[in-house]
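**Student:** First the structure, which I've put down as structure tokens, then a few questions once you've had a look.
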Amino acid sequence: MFIQQLINGITQGSLFALLAISFGIVYGTLRLLNFATGSIYMVGAYFGWIVIHYLTPNLFLALLSGAAAGFAVGFVLERFAFRALRGVARIASLICTIGFSLFLNEVMSVLFGAERKSMPSFYAETAFSIQGVDVSMLQIILIIVAATVLILLQILIYRTKLGLAIRAVSLDFKTASLMGIPTDRVISLTFSIAGAVAGIAGVLAAAYYNALFPFMGNLAGLKSFAAAVFGGLTSIPGAILGGYLLGIIENFAVQIISSGYRDIIGFSILVIFLLLRPQGLLGKKSD
Amino acid sequence: MRDNLRTLNVVLVVLLVLLFATPVFAGGAQEDDDSIHIALSAPITGDWSEFGVNFQRSLELAISELNAEGGILGRPVRLSVGDTQGNPQQAATLAQQWTSDPTVVAQIGPFASGPSMAAQPIYDAAEMVQLSPTASHTEYAGGSPWSFGIVGTQAGEGPFNARYAYEEIGIRNIAVLHLNNDWGIDTAEYFSEAFEDLGGTVTATEFYFDGESDFTAVLSSLEESGADGLFIASFYNDGAAINIQKSRLGWDVPVLGPTSLYSPQLIELGGDAVEGLYTGTGFFTPDPDPTVRSYVEAFESAYDAKPNFHAALAYDAMMLLADAIERAGSTESEAIRDALAETEDFPGLTGSITFTPKGDAVKGYRMLTIRDGEFVIYE
Amino acid sequence: MASILSSIRERVSGFVGRHKNAVTVVIVLFLVALPWLLTSAYHLRVATLVGIYVLLVSGLNVIIGFTGMFSLGHAAFYGIGAYTSAMLTVMAGWSFWIALPVAGIVAGLFGTFIGLATLRLRRVFLAFTTLGFGEIVRIIILNWRSLTRGPMGISGIPVPQLFGQTFDGRGYYYLALALSVITVMTLYHMYHSRVGRALIAIREDETAAASMGIHVFGYKVLAFTVGCFFAGIAGSFFAHFQRYVSADSFANLESFGIITMLALGGTGSIIGPVLGSTILVLLPEIFRFLMRYRGVIYGLTLIVVIVYRPGGLANVKGIFEKPKLPKRPHQKRFGLFRRGPAAGGLS
């Protein structure tokens, strides 16, 4: 039972971690809480589904499609709304993300219907068993894809020139722009990358749960916010840690206490944790 | 540039003013004809919109059939649809809108119990019939003489499912998983009570909140309780997810659920995982009954989708209302209410309908099972 | 064209400025006469709902607009007020007139508690904590069945009575009007008092405020308490207005709705919340004819209005205009979304 819940927790945690990262990089560069993250995740899931349903049942093509859709949505959001709101107090941008979230959910609901769509099973065969607990290929793939994306992001941000630019912008927008960094392009790219990560998470979630629907991002978005805060919001390893910890804690909470308190446990632990350590697990105090 | 900005400002203000002026004028428009005006409140947008949209489709279908046969009392029927978004407060606002309109004869909806309960005091005060296809809250129908529900309460359905589980399927120790809303609680409680009365044991009861998509943790913990069967009080969409995740865990026990589980989409979503699932229902699409056949065919050809249990209930609500108005011989609220209350064995798609003194429907159920990817009647 | 329109606008604002008292009298008369102008009970109900949201949004304005604390869980306090009042009148048989202030006080105490607990937190974490608190309150309402009846909700909440008269639609409207006028007046006086100036000072610069001798800690808790008190009052009124409460009415979406009204109307001003709640209660009603496209258009309207008027429609000096990031002068912008010069500048 322990192993079972641990594996459940890690699988779910991978999804949380991806979303938390998406949340975290936008917050890190723009200090903006992007409540549309869950909706971008949903849009990604739908674009993955479109590939599988109409073109070819290939999970990896679906992941690419979901990532591309997320990238595009992220780009559009930034270009047409948040760029105009940059420099204005955050509440306006925050409301804008809420508006976008509503808009995306309703658009998908009108286009595809609000009912659940089924996603075929991929790689359902058992990869290996630990103490009688089966782990499917899909779970392995999910964890590997999530880990790959997270490592790539880590490399992108800490080892490339673009990453340097992103970090510079996040540290000090004005100085960065004075240093000749094309801040607009950097922010636009950050947003798009965050969108792509959320899109990938959406396709993975749809494949794992075999279903997708227009409002699937609401709860997922909220929980990813929790995971991101848990880890410290501005730290990428923190967000990853937060995502996995939240997944594991939730699953054990169901086991130990009751399923009805699942969400509240995640939130309560976070609230208590925040009161004791306001900067998150790996966040820096000065921020 | 500043001028441009100001122009935009002014245009914006003018637009807003115009927008707010519209309802004042639009509200007064009344169609001065002899049609019978029926109102529908349902979640057309928001989380529950799939059900609301199906309500609307079923009602439009029913009304076009009624009108093709000369309408009700020889008068044509027309429908107004209002969106509740599944929100109690909006349902109540909508109720006020319908009751303020003197042409509205009766209201069908809302979908969920919360909105139905919130709207109830308004229909009660305005003395308008509120016929909800799906509200099953134990206090709903009894709360007002003007409120009726046709889905049937769990007091009837619970013992039916429990008897099948215990006697026919042979489950002795059952685990219960339910959606945490009024309907889910009732369903789980009436079932558990009846099941224990028969001599069975409920090994564990767990619940989940609407919107949850991960059931592995709760299923693992239910599995540990040592049950040889699982009862799920869920809608078909969660039902499919629960079965998929259950089979992934390798937990191999029979699953049983109430009528809300019945939907052709259950099989589409659940695939192999729902094979062998049992669900009680009053309605299912392959039913050879001619009224069911014609409804299913009309629905499929009009909307390119298969109707589910909730859609059929909305159709029944409209047809029952039409029947009651015919029997009342008038569109007076009181006459309609009395005719509805006197309904006896109305042949609906979802089973025959007779109301209890409170206004709940008493219904008959059949047990279905899924074999080779098809719903079949369980003998 | 543009100049004509702008001159009209200037003349109107000039007129309003010169005849402040007359304009006020006209508005008050209009609001008092409204139940007789609106023929339909539906329109009256919508007007009453505006009143409820004026309370909620004005309360939140004290927290966000005056003091600059980011609270995303206002619906929780609304729900606490509604449930307190419903339980007191239905289960304990209290009179509405006692339950109303008690609901406000209970919600206010919860506000005090949240304020005390979260004082150390930075803005974004405060936002998260309040959002989490909202979720926790909703789940406790759903799970604590012996107290709140869980998902069954509380039905049969009595209609308030005054001088032996049971409230009808007009009675509710006048009560909502009275409550919102009292709220707006109270907050107006608060805003222009020592307390208000202290709160604004905290919003603008906490460290500076503290060094000026302002008791930052106390004032922050006070702002939370006052804001939540009004939410509790609104909740109590709502419970007796709808006569059925369930947790669905107090979900996160409701908190988002309230904060959207605040942002759209304009934070930090007195009239902003009134404007925001009026528009956003009316807008979804007006959009009813759009049917399935209602949500799409509503979302789009929100985005366009916010992008176009990021300071809110009232556009009075508030936290909106405090620039966080400087804008480069040569930056090319997308034409439609060009902002006025007021919003730029260095931080």
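By convention in this document, the chains of the structure tokens carry letters A, B, ... by their order, each chain's residues are numbered from 1, and ligands are numbered from 1 in the order they are shown.
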Run DSSP on the backbone and give me the residues of segment 16-155 of chain A it puts in alpha helix (DSSP H), as an MDAnalysis selection string.
**Tutor:** chainID A and resid 16:30 37:50 59:77 83:85 90:112 137:155
**Student:** Contacts between chain C and chain A, please, where a residue of chain A counts if it comes within 7 Å (with only C-alpha atoms); show its shortest atom pair and distance in Å to one decimal, rows by chain and ascending number, as CSV.
**Tutor:**
```
residue,atom,partner,partner_atom,distance
A:Ala81,CA,C:Val307,CA,6.1
A:Ala84,CA,C:Phe337,CA,6.0
A:Leu85,CA,C:Val307,CA,6.3
A:Arg86,CA,C:Leu325,CA,6.8
A:Gly87,CA,C:Leu325,CA,4.3
A:Val88,CA,C:Pro323,CA,5.2
A:Ala89,CA,C:Phe320,CA,4.7
A:Ile91,CA,C:Ala263,CA,6.9
A:Ala92,CA,C:Pro310,CA,5.5
A:Ile95,CA,C:Thr260,CA,5.9
A:Cys96,CA,C:Ile303,CA,5.3
A:Gly99,CA,C:Gly299,CA,4.8
A:Phe100,CA,C:Gly299,CA,6.3
A:Leu102,CA,C:Gly299,CA,5.5
A:Phe103,CA,C:Gly299,CA,4.5
A:Glu106,CA,C:Val296,CA,5.3
A:Val107,CA,C:Val296,CA,5.8
A:Val110,CA,C:Arg292,CA,6.8
A:Phe173,CA,C:Leu325,CA,6.7
A:Lys174,CA,C:Pro326,CA,6.3
A:Ile264,CA,C:Ile136,CA,5.4
A:Phe267,CA,C:Gly132,CA,5.5
A:Val271,CA,C:Thr129,CA,5.6
A:Leu275,CA,C:Thr118,CA,6.7
A:Pro278,CA,C:Leu121,CA,5.8
```
**Student:** Would you output that residue set with N, CA and C atoms, as a PDB file, in the first residue's frame?
**Tutor:**
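As a result, selection_32.pdb now contains:
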```pdb
ATOM      1  N   ALA A  81      -2.216  41.060 -24.404  1.00  0.00           N
ATOM      2  CA  ALA A  81      -2.783  41.562 -23.155  1.00  0.00           C
ATOM      3  C   ALA A  81      -1.705  41.993 -22.173  1.00  0.00           C
ATOM      4  N   ALA A  84       0.599  45.047 -22.814  1.00  0.00           N
ATOM      5  CA  ALA A  84      -0.023  46.353 -22.597  1.00  0.00           C
ATOM      6  C   ALA A  84      -0.169  46.656 -21.117  1.00  0.00           C
ATOM      7  N   LEU A  85      -0.202  45.603 -20.310  1.00  0.00           N
ATOM      8  CA  LEU A  85      -0.417  45.810 -18.877  1.00  0.00           C
ATOM      9  C   LEU A  85       0.894  45.870 -18.101  1.00  0.00           C
ATOM     10  N   ARG A  86       2.002  45.687 -18.801  1.00  0.00           N
ATOM     11  CA  ARG A  86       3.273  45.689 -18.104  1.00  0.00           C
ATOM     12  C   ARG A  86       3.528  47.078 -17.526  1.00  0.00           C
ATOM     13  N   GLY A  87       4.022  47.114 -16.313  1.00  0.00           N
ATOM     14  CA  GLY A  87       4.280  48.418 -15.728  1.00  0.00           C
ATOM     15  C   GLY A  87       3.092  48.950 -14.963  1.00  0.00           C
ATOM     16  N   VAL A  88       1.920  48.320 -15.160  1.00  0.00           N
ATOM     17  CA  VAL A  88       0.754  48.711 -14.388  1.00  0.00           C
ATOM     18  C   VAL A  88       0.695  47.743 -13.211  1.00  0.00           C
ATOM     19  N   ALA A  89      -0.006  48.136 -12.156  1.00  0.00           N
ATOM     20  CA  ALA A  89      -0.027  47.281 -10.977  1.00  0.00           C
ATOM     21  C   ALA A  89      -0.547  45.896 -11.318  1.00  0.00           C
ATOM     22  N   ILE A  91      -2.643  43.826 -10.062  1.00  0.00           N
ATOM     23  CA  ILE A  91      -4.026  43.368  -9.958  1.00  0.00           C
ATOM     24  C   ILE A  91      -4.695  43.361 -11.336  1.00  0.00           C
ATOM     25  N   ALA A  92      -4.340  44.341 -12.186  1.00  0.00           N
ATOM     26  CA  ALA A  92      -4.945  44.393 -13.518  1.00  0.00           C
ATOM     27  C   ALA A  92      -4.546  43.163 -14.321  1.00  0.00           C
ATOM     28  N   ILE A  95      -6.397  40.067 -12.987  1.00  0.00           N
ATOM     29  CA  ILE A  95      -7.774  39.981 -13.460  1.00  0.00           C
ATOM     30  C   ILE A  95      -7.784  39.528 -14.916  1.00  0.00           C
ATOM     31  N   CYS A  96      -6.777  40.024 -15.646  1.00  0.00           N
ATOM     32  CA  CYS A  96      -6.682  39.653 -17.052  1.00  0.00           C
ATOM     33  C   CYS A  96      -6.467  38.140 -17.195  1.00  0.00           C
ATOM     34  N   GLY A  99      -9.735  36.535 -16.604  1.00  0.00           N
ATOM     35  CA  GLY A  99     -10.581  36.703 -17.785  1.00  0.00           C
ATOM     36  C   GLY A  99     -10.194  35.740 -18.896  1.00  0.00           C
ATOM     37  N   PHE A 100      -8.895  35.591 -19.106  1.00  0.00           N
ATOM     38  CA  PHE A 100      -8.424  34.671 -20.143  1.00  0.00           C
ATOM     39  C   PHE A 100      -8.803  33.242 -19.827  1.00  0.00           C
ATOM     40  N   LEU A 102     -11.377  32.191 -18.084  1.00  0.00           N
ATOM     41  CA  LEU A 102     -12.808  32.048 -18.388  1.00  0.00           C
ATOM     42  C   LEU A 102     -13.023  31.912 -19.887  1.00  0.00           C
ATOM     43  N   PHE A 103     -12.368  32.813 -20.607  1.00  0.00           N
ATOM     44  CA  PHE A 103     -12.525  32.872 -22.055  1.00  0.00           C
ATOM     45  C   PHE A 103     -12.099  31.545 -22.707  1.00  0.00           C
ATOM     46  N   GLU A 106     -14.477  28.640 -21.911  1.00  0.00           N
ATOM     47  CA  GLU A 106     -15.768  28.720 -22.605  1.00  0.00           C
ATOM     48  C   GLU A 106     -15.607  28.507 -24.105  1.00  0.00           C
ATOM     49  N   VAL A 107     -14.504  29.004 -24.665  1.00  0.00           N
ATOM     50  CA  VAL A 107     -14.284  28.806 -26.104  1.00  0.00           C
ATOM     51  C   VAL A 107     -14.176  27.317 -26.412  1.00  0.00           C
ATOM     52  N   VAL A 110     -17.520  25.659 -26.170  1.00  0.00           N
ATOM     53  CA  VAL A 110     -18.406  25.907 -27.309  1.00  0.00           C
ATOM     54  C   VAL A 110     -17.918  25.123 -28.532  1.00  0.00           C
ATOM     55  N   PHE A 173      14.350  44.508 -14.470  1.00  0.00           N
ATOM     56  CA  PHE A 173      13.858  44.771 -15.811  1.00  0.00           C
ATOM     57  C   PHE A 173      14.571  45.967 -16.445  1.00  0.00           C
ATOM     58  N   LYS A 174      14.669  47.038 -15.661  1.00  0.00           N
ATOM     59  CA  LYS A 174      15.195  48.284 -16.213  1.00  0.00           C
ATOM     60  C   LYS A 174      16.663  48.147 -16.601  1.00  0.00           C
ATOM     61  N   ILE A 264      -8.125  19.986   1.170  1.00  0.00           N
ATOM     62  CA  ILE A 264      -7.928  20.838   2.331  1.00  0.00           C
ATOM     63  C   ILE A 264      -6.578  20.538   2.972  1.00  0.00           C
ATOM     64  N   PHE A 267      -3.874  22.265   1.046  1.00  0.00           N
ATOM     65  CA  PHE A 267      -3.917  23.701   1.306  1.00  0.00           C
ATOM     66  C   PHE A 267      -3.522  24.031   2.739  1.00  0.00           C
ATOM     67  N   VAL A 271      -0.661  26.438   3.968  1.00  0.00           N
ATOM     68  CA  VAL A 271      -0.911  27.668   4.716  1.00  0.00           C
ATOM     69  C   VAL A 271      -0.061  27.680   5.980  1.00  0.00           C
ATOM     70  N   LEU A 275       3.132  30.179   6.939  1.00  0.00           N
ATOM     71  CA  LEU A 275       3.199  31.018   8.119  1.00  0.00           C
ATOM     72  C   LEU A 275       4.539  30.826   8.822  1.00  0.00           C
ATOM     73  N   PRO A 278       7.746  31.837   5.203  1.00  0.00           N
ATOM     74  CA  PRO A 278       7.011  32.571   4.166  1.00  0.00           C
ATOM     75  C   PRO A 278       7.674  32.544   2.798  1.00  0.00           C
TER      76      PRO A 278
END
```
**Student:** Could you please tell me, as a list of chain:residue names, which residues of chain C have an atom within 6 Å of chain B when using only C-alpha atoms?
**Tutor:** C:Ala2, C:Ser40, C:Ala41, C:Tyr42, C:Pro151, C:Met152, C:Tyr244, C:Arg292
**Student:** Could the residues in this selection be saved with N, CA and C atoms as a short mmCIF file (atom, residue, chain, number, x, y, z; two decimals), in the first residue's frame?
**Tutor:**
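Once written, result_34.cif looks like this:
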```
data_model
loop_
_atom_site.label_atom_id
_atom_site.label_comp_id
_atom_site.auth_asym_id
_atom_site.auth_seq_id
_atom_site.Cartn_x
_atom_site.Cartn_y
_atom_site.Cartn_z
N ALA C 2 -13.73 63.84 -32.55
CA ALA C 2 -13.09 63.57 -31.26
C ALA C 2 -13.19 64.79 -30.34
N SER C 40 -40.60 45.33 -13.31
CA SER C 40 -40.47 43.89 -13.18
C SER C 40 -39.73 43.51 -11.91
N ALA C 41 -40.21 42.46 -11.25
CA ALA C 41 -39.57 41.98 -10.03
C ALA C 41 -38.15 41.50 -10.33
N TYR C 42 -37.96 41.06 -11.56
CA TYR C 42 -36.64 40.59 -11.98
C TYR C 42 -35.63 41.73 -11.95
N PRO C 151 -23.35 19.30 2.07
CA PRO C 151 -23.80 19.65 0.73
C PRO C 151 -25.31 19.84 0.64
N MET C 152 -26.06 19.48 1.70
CA MET C 152 -27.51 19.66 1.64
C MET C 152 -27.86 21.15 1.68
N TYR C 244 -31.92 30.19 0.86
CA TYR C 244 -31.26 28.88 0.83
C TYR C 244 -29.78 29.14 0.63
N ARG C 292 -25.06 30.22 -25.36
CA ARG C 292 -23.82 29.45 -25.16
C ARG C 292 -22.58 30.33 -25.27
#
```
**Student:** How far is it from atom CA of Ala314 of chain C to atom CA of Pro273 of chain C, in Å with one decimal?
**Tutor:**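 Those two atoms sit 8.7 Å apart.
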**Student:** Quote the spacing between atom CA of Val28 of chain C and atom CA of Gly276 of chain C in Å to one decimal place.
**Tutor:** 18.6 Å
**Student:** Excluding same-chain residues fewer than 6 positions from Ala198 of chain C, what lies within 12 Å of it counting only C-alpha atoms, as a PyMOL selection string?
**Tutor:** chain C and resi 66-68+190-192+204-206+208-220+222-223
**Student:** Export C-alpha atoms of the chosen residues as a PDB file, in the first residue's frame?
**Tutor:**
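Produced file out-v6.pdb, reproduced below:
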```
ATOM      1  CA  PHE C  66      -6.759  51.183   0.815  1.00  0.00           C
ATOM      2  CA  THR C  67      -4.114  49.027   2.431  1.00  0.00           C
ATOM      3  CA  GLY C  68      -2.613  47.191  -0.540  1.00  0.00           C
ATOM      4  CA  MET C 190     -12.822  56.172   7.018  1.00  0.00           C
ATOM      5  CA  TYR C 191     -10.903  56.917   3.822  1.00  0.00           C
ATOM      6  CA  HIS C 192     -10.729  60.599   4.616  1.00  0.00           C
ATOM      7  CA  GLU C 204       2.398  53.279  -0.503  1.00  0.00           C
ATOM      8  CA  ASP C 205       5.382  52.386   1.630  1.00  0.00           C
ATOM      9  CA  GLU C 206       5.181  50.198   4.660  1.00  0.00           C
ATOM     10  CA  ALA C 208       8.137  54.716   5.626  1.00  0.00           C
ATOM     11  CA  ALA C 209       4.743  54.447   7.300  1.00  0.00           C
ATOM     12  CA  ALA C 210       6.248  52.578  10.241  1.00  0.00           C
ATOM     13  CA  SER C 211       9.006  55.135  10.610  1.00  0.00           C
ATOM     14  CA  MET C 212       6.381  57.883  10.693  1.00  0.00           C
ATOM     15  CA  GLY C 213       5.006  56.207  13.796  1.00  0.00           C
ATOM     16  CA  ILE C 214       2.067  54.434  12.171  1.00  0.00           C
ATOM     17  CA  HIS C 215       1.196  51.207  13.918  1.00  0.00           C
ATOM     18  CA  VAL C 216       1.405  49.084  10.746  1.00  0.00           C
ATOM     19  CA  PHE C 217       0.497  45.848  12.488  1.00  0.00           C
ATOM     20  CA  GLY C 218      -2.654  47.204  14.100  1.00  0.00           C
ATOM     21  CA  TYR C 219      -3.886  49.042  11.036  1.00  0.00           C
ATOM     22  CA  LYS C 220      -3.434  46.039   8.784  1.00  0.00           C
ATOM     23  CA  LEU C 222      -8.061  46.607  11.353  1.00  0.00           C
ATOM     24  CA  ALA C 223      -8.365  46.773   7.559  1.00  0.00           C
TER      25      ALA C 223
END
```
**Student:** Using only C-alpha atoms, find the one residue out of C:Ala47, C:Met91, C:Leu280, C:Ala107 that sits nearest to Phe230 of chain C.
**Tutor:**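 Among the listed residues, C:Ala107 lies closest to Phe230 of chain C.
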**Student:** Measuring between only C-alpha atoms, which one of B:Glu342, B:Asp210, B:Asp238, B:Asp316 shows the shortest distance to Leu269 of chain B?
**Tutor:**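 With only C-alpha atoms as the atom set, the closest residue is B:Asp238.
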**Student:** Please report the interatomic distance between atom CA of Asp124 of chain B and atom CA of Ser147 of chain B in Å with one decimal.
**Tutor:** 7.8 Å
**Student:** Which residues, written as a PyMOL selection string, have at least one atom at most 10 Å from Tyr244 of chain A, with only C-alpha atoms counted and residues fewer than 5 positions away on the same chain left out?
**Tutor:** chain A and resi 9-18+20+227+231+238-239+249-250
**Student:** Hey, could you make a per-residue contact list for chain A against chain B with 8 Å as the cut-off, showing the nearest pair of atoms and its distance in Å to one decimal, counting only C-alpha atoms, sorted by chain and number, as CSV?
**Tutor:**
```
residue,atom,partner,partner_atom,distance
A:Met1,CA,B:Ser220,CA,7.3
A:Gln4,CA,B:Ser220,CA,7.6
A:Gln5,CA,B:Ala217,CA,6.3
A:Asn8,CA,B:Thr216,CA,6.8
A:Glu106,CA,B:Gly46,CA,7.2
A:Gly113,CA,B:Glu50,CA,6.8
A:Ala114,CA,B:Glu50,CA,4.8
A:Glu115,CA,B:Glu50,CA,5.2
A:Arg116,CA,B:Asn237,CA,6.7
A:Lys117,CA,B:Leu269,CA,7.0
A:Ser118,CA,B:Leu269,CA,4.7
A:Met119,CA,B:Leu269,CA,7.6
A:Val133,CA,B:Leu249,CA,7.9
A:Asp134,CA,B:Leu249,CA,7.3
A:Tyr209,CA,B:Ala241,CA,6.7
A:Asn210,CA,B:Leu269,CA,7.4
A:Ala211,CA,B:Leu269,CA,7.1
A:Phe215,CA,B:Asp47,CA,6.2
A:Met216,CA,B:Gly211,CA,7.2
A:Leu219,CA,B:Gly211,CA,6.7
A:Asn251,CA,B:Ala217,CA,5.4
A:Phe252,CA,B:Ala217,CA,7.7
A:Val254,CA,B:Val218,CA,6.1
A:Gln255,CA,B:Ser221,CA,5.7
A:Ser258,CA,B:Glu206,CA,7.1
A:Ser259,CA,B:Phe207,CA,6.0
A:Gly260,CA,B:Tyr208,CA,5.5
```
**Student:** For the residues in the current selection, export C-alpha atoms as a short mmCIF file (atom, residue, chain, number, x, y, z; two decimals), in the first residue's frame.
**Tutor:**
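Below is the file that was written, selection.cif:
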```
data_model
loop_
_atom_site.label_atom_id
_atom_site.label_comp_id
_atom_site.auth_asym_id
_atom_site.auth_seq_id
_atom_site.Cartn_x
_atom_site.Cartn_y
_atom_site.Cartn_z
CA MET A 1 0.00 0.00 0.00
CA GLN A 4 1.25 2.05 -4.32
CA GLN A 5 0.54 5.48 -2.85
CA ASN A 8 0.54 7.40 -7.40
CA GLU A 106 -15.77 28.72 -22.60
CA GLY A 113 -18.77 20.55 -26.30
CA ALA A 114 -18.53 20.47 -22.54
CA GLU A 115 -18.73 16.71 -22.28
CA ARG A 116 -15.71 14.62 -21.51
CA LYS A 117 -13.75 13.34 -24.48
CA SER A 118 -12.06 10.01 -24.22
CA MET A 119 -8.38 9.64 -24.84
CA VAL A 133 2.36 -3.11 -7.35
CA ASP A 134 2.27 -2.73 -11.12
CA TYR A 209 -6.59 9.85 -17.00
CA ASN A 210 -7.90 8.84 -20.46
CA ALA A 211 -10.15 11.88 -20.49
CA PHE A 215 -12.89 22.64 -17.13
CA MET A 216 -10.14 20.14 -16.34
CA LEU A 219 -8.56 22.34 -9.98
CA ASN A 251 -2.00 10.63 -1.82
CA PHE A 252 -0.86 9.73 1.67
CA VAL A 254 -6.20 10.18 1.46
CA GLN A 255 -4.76 6.99 2.86
CA SER A 258 -10.03 10.67 4.41
CA SER A 259 -10.55 11.41 0.76
CA GLY A 260 -12.88 14.28 1.58
#
```
**Student:** Residues within 7 Å of Ala124 of chain A, please, as an MDAnalysis selection string. Count only C-alpha atoms; anything in the same chain fewer than 6 positions from it doesn't count.
**Tutor:** chainID A and resid 136:138
**Student:** Restricting it to N, CA and C atoms, dump the selection as a CSV table (one decimal), in the first residue's frame.
**Tutor:**
```
chain,number,residue,atom,x,y,z
A,136,SER,N,2.9,1.0,-14.9
A,136,SER,CA,2.7,0.9,-16.3
A,136,SER,C,3.7,1.6,-17.1
A,137,MET,N,3.9,1.3,-18.3
A,137,MET,CA,4.8,2.0,-19.2
A,137,MET,C,4.4,3.5,-19.3
A,138,LEU,N,3.1,3.7,-19.3
A,138,LEU,CA,2.7,5.1,-19.4
A,138,LEU,C,3.2,5.9,-18.2
```
**Student:** I want to know what sits within 6 Å of Gly74 of chain A, based on only C-alpha atoms, with residues of the same chain fewer than 5 positions away left out; could you give that as a list in words?
**Tutor:**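 Near neighbours after the sequence-gap exclusion: Phe191, Ser192 and Gly195 of chain A.
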**Student:** With C-alpha atoms retained, export the selected residues as a CSV table (one decimal), in the first residue's frame.
**Tutor:**
```
chain,number,residue,atom,x,y,z
A,191,PHE,CA,5.5,33.3,-21.5
A,192,SER,CA,5.5,31.0,-24.6
A,195,GLY,CA,2.6,27.9,-22.1
```
